[in-house]
file structure.cif (mmCIF, C-alpha atoms)
data_start
loop_
_atom_site.label_atom_id
_atom_site.label_comp_id
_atom_site.auth_asym_id
_atom_site.auth_seq_id
_atom_site.Cartn_x
_atom_site.Cartn_y
_atom_site.Cartn_z
CA HIS A 1 171.43 70.99 78.79
CA PRO A 2 172.47 68.87 81.71
CA TRP A 3 173.16 70.64 85.00
CA GLU A 4 176.93 70.01 84.88
CA THR A 5 177.15 71.66 81.46
CA VAL A 6 175.12 74.66 82.55
CA THR A 7 177.09 75.10 85.76
CA THR A 8 180.45 74.88 83.99
CA ALA A 9 179.25 77.45 81.45
CA ALA A 10 177.93 79.74 84.17
CA MET A 11 181.36 79.85 85.80
CA GLN A 12 182.83 81.01 82.48
CA LYS A 13 179.93 83.20 81.42
CA TYR A 14 181.95 86.27 80.48
CA PRO A 15 182.82 87.48 77.95
CA ASN A 16 179.86 86.80 75.72
CA PRO A 17 178.18 88.86 73.02
CA MET A 18 174.92 89.26 74.97
CA ASN A 19 176.62 91.12 77.80
CA PRO A 20 179.00 93.52 76.09
CA SER A 21 179.00 95.89 79.01
CA VAL A 22 180.80 93.44 81.30
CA VAL A 23 184.43 94.42 80.95
CA GLY A 24 186.05 92.71 83.89
CA VAL A 25 185.56 89.70 86.13
CA ASP A 26 187.63 88.97 89.21
CA VAL A 27 187.46 86.36 91.90
CA LEU A 28 187.68 87.97 95.32
CA ASP A 29 187.46 84.78 97.30
CA ARG A 30 186.85 81.14 96.67
CA HIS A 31 186.73 78.20 99.02
CA VAL A 32 185.09 74.83 99.57
CA ASP A 33 183.15 74.78 102.82
CA ARG A 34 182.89 71.96 105.31
CA SER A 35 179.92 70.42 103.54
CA GLY A 36 181.76 70.32 100.21
CA LYS A 37 180.09 73.31 98.60
CA LEU A 38 182.14 75.70 96.52
CA HIS A 39 181.71 79.38 97.41
CA SER A 40 182.92 82.04 95.06
CA HIS A 41 182.81 85.78 95.56
CA ARG A 42 183.32 87.64 92.33
CA LEU A 43 183.48 91.23 91.26
CA LEU A 44 182.08 92.13 87.86
CA SER A 45 183.02 95.46 86.31
CA THR A 46 180.62 96.90 83.81
CA GLU A 47 180.89 99.89 81.58
CA TRP A 48 178.00 101.54 79.83
CA GLY A 49 179.51 103.09 76.75
CA ILE A 50 179.83 106.59 78.07
CA PRO A 51 181.51 108.96 75.59
CA SER A 52 185.24 109.10 76.19
CA ILE A 53 185.22 112.85 76.69
CA VAL A 54 182.95 112.37 79.68
CA LYS A 55 185.20 109.62 80.96
CA SER A 56 188.26 111.85 80.76
CA LEU A 57 186.44 114.52 82.74
CA ILE A 58 185.13 112.38 85.55
CA GLY A 59 187.48 109.42 85.46
CA THR A 60 186.77 105.82 84.51
CA CYS A 61 186.00 104.69 88.03
CA ARG A 62 182.89 106.78 88.07
CA THR A 63 181.62 105.38 84.79
CA ASN A 64 181.89 101.79 85.93
CA THR A 65 179.22 99.96 87.80
CA TYR A 66 180.39 97.07 89.87
CA ILE A 67 178.45 93.98 90.71
CA GLN A 68 179.25 91.72 93.58
CA GLU A 69 178.34 88.10 93.02
CA HIS A 70 178.26 85.25 95.48
CA SER A 71 177.77 81.76 94.09
CA VAL A 72 177.44 78.42 95.82
CA VAL A 73 177.80 75.16 93.92
CA ASP A 74 176.71 71.94 95.61
CA PRO A 75 177.99 69.03 93.53
CA VAL A 76 176.11 66.45 95.61
CA GLU A 77 172.65 68.04 95.63
CA LYS A 78 173.36 69.51 92.17
CA THR A 79 172.35 73.05 92.81
CA MET A 80 174.04 76.26 91.85
CA GLU A 81 172.88 79.45 93.46
CA LEU A 82 174.00 82.87 92.35
CA LYS A 83 173.27 86.05 94.26
CA SER A 84 174.39 89.36 92.91
CA SER A 85 173.88 92.95 93.77
CA ASN A 86 175.23 96.03 92.17
CA ILE A 87 177.61 98.39 93.91
CA SER A 88 177.07 101.81 92.50
CA PHE A 89 178.44 105.12 93.51
CA THR A 90 175.05 106.76 93.58
CA ASN A 91 173.35 104.13 95.70
CA LEU A 92 169.93 105.29 94.58
CA VAL A 93 168.87 102.18 92.81
CA SER A 94 170.10 98.76 93.63
CA VAL A 95 169.26 95.54 91.91
CA ASP A 96 169.67 92.26 93.69
CA GLU A 97 169.36 89.12 91.67
CA ARG A 98 169.07 85.54 92.68
CA LEU A 99 169.46 82.64 90.28
CA VAL A 100 169.22 78.96 91.08
CA TYR A 101 170.17 76.21 88.63
CA LYS A 102 168.95 72.69 89.34
CA PRO A 103 168.54 69.57 87.25
CA HIS A 104 165.07 69.12 85.83
CA PRO A 105 163.28 66.68 88.17
CA HIS A 106 161.91 64.54 85.32
CA GLU A 107 164.33 65.11 82.46
CA PRO A 108 167.97 64.64 83.48
CA ASP A 109 169.32 66.31 80.34
CA LYS A 110 167.69 69.58 81.23
CA THR A 111 168.30 72.23 83.81
CA ILE A 112 165.77 74.46 85.52
CA LEU A 113 166.62 78.07 86.20
CA THR A 114 164.69 80.09 88.74
CA GLN A 115 165.43 83.77 88.66
CA GLU A 116 164.25 86.67 90.73
CA ALA A 117 165.24 90.27 90.97
CA ILE A 118 164.61 92.73 93.75
CA ILE A 119 164.77 96.38 92.84
CA THR A 120 165.24 98.84 95.64
CA VAL A 121 164.94 102.54 95.17
CA LYS A 122 165.90 104.82 98.00
CA GLY A 123 163.79 107.83 98.79
CA VAL A 124 162.07 108.21 95.45
CA SER A 125 158.74 106.59 94.73
CA LEU A 126 158.75 105.12 91.26
CA SER A 127 155.67 105.56 89.18
CA SER A 128 154.13 102.29 88.09
CA TYR A 129 155.29 103.01 84.51
CA LEU A 130 158.92 103.08 85.58
CA GLU A 131 158.42 99.96 87.66
CA GLY A 132 156.93 98.19 84.66
CA LEU A 133 159.82 99.32 82.50
CA MET A 134 162.40 97.96 84.90
CA ALA A 135 160.51 94.70 85.28
CA ASN A 136 160.46 94.29 81.49
CA THR A 137 164.15 95.01 81.24
CA ILE A 138 164.92 92.49 83.92
CA SER A 139 162.80 89.81 82.30
CA SER A 140 164.36 90.41 78.89
CA ASN A 141 167.72 90.27 80.62
CA ALA A 142 166.70 86.88 81.96
CA ASN A 143 166.24 85.70 78.36
CA LYS A 144 169.55 87.28 77.51
CA GLY A 145 171.12 85.32 80.34
CA ARG A 146 169.87 82.06 78.88
CA GLU A 147 171.10 83.03 75.43
CA ALA A 148 174.46 83.95 76.91
CA LEU A 149 174.85 80.54 78.55
CA GLU A 150 173.76 78.86 75.33
CA TRP A 151 176.50 80.78 73.54
CA VAL A 152 179.12 79.78 76.13
CA ILE A 153 178.03 76.13 75.95
CA ASN A 154 178.36 76.19 72.16
CA ARG A 155 181.78 77.76 72.45
CA LEU A 156 182.96 75.13 74.94
CA ASN A 157 181.56 72.37 72.72
CA ALA A 158 183.32 73.81 69.67
CA GLU A 159 186.59 73.78 71.59
CA ILE A 160 186.05 70.15 72.56
CA GLU A 161 185.15 69.25 68.97
CA GLU A 162 188.24 70.90 67.60
CA PHE A 163 190.38 69.09 70.11
CA THR A 164 188.90 65.63 69.52
CA ALA A 165 188.81 66.10 65.76
CA SER A 166 192.46 66.85 65.66
CA ALA A 167 193.37 64.15 68.18
CA ARG A 168 191.34 61.26 66.81
CA GLY A 169 190.33 62.07 63.29
CA THR A 170 186.58 62.18 63.02
CA MET A 171 184.32 62.18 65.99
CA ARG A 172 181.05 63.90 66.43
CA ASN A 173 179.80 65.12 69.81
CA SER A 174 176.13 65.79 69.85
CA MET A 175 174.28 67.44 72.66
CA ALA A 176 170.79 66.22 73.35
CA ALA A 177 168.34 68.77 72.02
CA ALA A 178 167.32 70.72 75.05
CA ALA A 179 165.93 74.02 76.08
CA PHE A 180 166.08 75.90 79.33
CA VAL A 181 162.84 75.66 81.23
CA GLU A 182 161.94 78.63 83.38
CA LYS A 183 159.79 78.04 86.42
CA MET B 1 188.11 88.61 79.96
CA ASN B 2 190.09 91.26 81.73
CA SER B 3 190.68 91.90 85.36
CA VAL B 4 189.60 95.03 87.20
CA GLY B 5 193.31 95.69 87.58
CA GLU B 6 194.95 95.78 84.18
CA ALA B 7 198.18 94.40 85.59
CA CYS B 8 196.37 91.37 86.98
CA THR B 9 194.86 90.11 83.73
CA GLU B 10 197.62 87.63 82.95
CA LEU B 11 197.61 86.22 86.47
CA LYS B 12 193.85 85.98 86.25
CA ARG B 13 194.00 84.05 82.98
CA GLU B 14 196.43 81.51 84.38
CA TYR B 15 194.31 81.03 87.46
CA ASP B 16 191.06 80.81 85.46
CA GLN B 17 192.48 78.10 83.20
CA CYS B 18 193.55 76.06 86.20
CA PHE B 19 190.26 76.58 88.01
CA ASN B 20 187.98 75.81 85.04
CA ARG B 21 189.77 72.55 84.43
CA TRP B 22 189.63 71.53 88.08
CA PHE B 23 185.98 72.56 88.37
CA ALA B 24 184.72 70.53 85.40
CA GLU B 25 186.99 67.52 85.75
CA LYS B 26 187.21 67.15 89.52
CA PHE B 27 184.86 69.20 91.57
CA LEU B 28 181.63 68.44 89.69
CA LYS B 29 182.52 64.76 89.72
CA GLY B 30 182.78 64.76 93.48
CA GLU B 31 186.55 64.94 93.86
CA SER B 32 186.93 68.25 95.57
CA ALA B 33 189.86 67.24 97.74
CA GLY B 34 193.04 69.03 96.78
CA ASP B 35 193.03 72.32 94.98
CA PRO B 36 195.87 72.52 92.47
CA CYS B 37 195.33 76.21 91.90
CA GLY B 38 196.18 77.53 95.37
CA GLN B 39 199.47 79.20 94.48
CA LEU B 40 198.14 80.78 91.32
CA PHE B 41 195.16 82.06 93.24
CA LYS B 42 197.28 83.67 95.96
CA ARG B 43 199.39 85.57 93.44
CA TYR B 44 196.34 86.69 91.51
CA GLN B 45 194.56 87.74 94.72
CA LEU B 46 197.36 89.97 95.94
CA CYS B 47 197.24 91.81 92.66
CA VAL B 48 193.46 92.20 92.70
CA GLN B 49 193.29 93.42 96.31
CA LYS B 50 195.80 96.10 95.46
CA ALA B 51 193.87 97.18 92.37
CA ILE B 52 190.62 97.40 94.31
CA LYS B 53 192.22 99.63 96.94
CA GLU B 54 193.74 101.83 94.28
CA LYS B 55 190.44 102.22 92.47
CA ASP B 56 188.61 102.78 95.69
CA ILE B 57 185.91 100.25 94.92
CA PRO B 58 183.57 100.04 97.90
CA ILE B 59 183.35 96.32 98.46
CA GLU B 60 181.70 95.17 101.62
CA GLY B 61 184.07 93.14 103.73
CA LEU B 62 183.94 89.53 102.74
CA GLU B 63 183.24 88.49 106.29
CA PHE B 64 179.93 90.31 106.00
CA MET B 65 179.09 88.92 102.59
CA GLY B 66 178.97 85.28 103.60
CA PRO B 67 176.58 84.93 106.51
CA SER B 68 174.46 88.01 105.79
CA LYS B 69 173.52 86.81 102.33
CA GLY B 70 171.62 84.03 104.02
CA LYS B 71 172.39 80.96 101.96
CA SER B 72 169.22 78.96 101.97
CA GLU B 73 170.39 75.70 100.43
CA ASN B 74 169.66 72.53 102.37
CA SER B 75 172.49 70.22 103.11
CA SER B 76 171.65 66.63 102.35
#

call {"tool": "encode", "arguments": {"input": "structure.cif", "output": "structure tokens"}}
result
Amino acid sequence: HPWETVTTAAMQKYPNPMNPSVVGVDVLDRHVDRSGKLHSHRLLSTEWGIPSIVKSLIGTCRTNTYIQEHSVVDPVEKTMELKSSNISFTNLVSVDERLVYKPHPHEPDKTILTQEAIITVKGVSLSSYLEGLMANTISSNANKGREALEWVINRLNAEIEEFTASARGTMRNSMAAAAFVEK
Amino acid sequence: MNSVGEACTELKREYDQCFNRWFAEKFLKGESAGDPCGQLFKRYQLCVQKAIKEKDIPIEGLEFMGPSKGKSENSS
């Protein structure tokens, strides 16, 4: 999908069925800087399906994990960069993620996503098995992220189709067949 | 999508609608001058800041977030 489509979808990524644990999204700050780039600081609240009896004992705040996300959209250079890190009350494990969306250099109807995750564990040395497990989870989450954006793009397109169909009779929007390419 | 503060969800929805429209129709097309959502954002923000304090969510001060995250994009 073209970069503009992907970027618009990324700003409206939640809710989507691939990320059911995200229960809240808030914008903490947003501004356009001097060079015309849009900065957004967002707070994502996630909940991991803890049994309600546990929640009532320890309170909902402790069952939520919060993620802080900083995104920068440059409409001239056509890049969108997302950096997120989790805020957790235990502070033992933190995951920092960095995603960059750019137009495909040779195919203008496609977008390239580069994604990296840095896992930091304080004090405890993870066995290589655990490290492998986390790396697998993060890479399958990367696929999930692409599926999630695909879902949002389809939803936005369906809304546009409904609107134009009712406004003008019959009109078909078709998106160029495209796939995300991961570097 | 809900807000972290239940009372803020409606304000958030109004702001989101305004922002999403502006983002796709103006900002991405290079017309970033003039933000029609300023008032909505202020109201929504006040509510969110209060909710965050009440829930004791440990957010690093925003002043730290910006520069320390080391944005590496090149300006043209």

call {"tool": "interface_residues", "arguments": {"input": "structure.cif", "of": "chain B", "to": "chain A", "cutoff": "8 Å", "atoms": "all atoms listed in the file", "output": "number ranges by chain"}}
result
B: 1-4, 12, 20, 23-24, 27-30, 32, 45, 48-49, 55, 58-59, 75-76

call {"tool": "atom_distance", "arguments": {"input": "structure.cif", "atom1": "CA of Tyr15 in chain B", "atom2": "CA of Asp35 in chain B"}}
result
11.6 Å

call {"tool": "atom_distance", "arguments": {"input": "structure.cif", "atom1": "CA of Ala148 in chain A", "atom2": "CA of Pro17 in chain A"}}
result
7.3 Å

call {"tool": "atom_distance", "arguments": {"input": "structure.cif", "atom1": "CA of Glu47 in chain A", "atom2": "CA of Gln17 in chain B"}}
result
24.7 Å
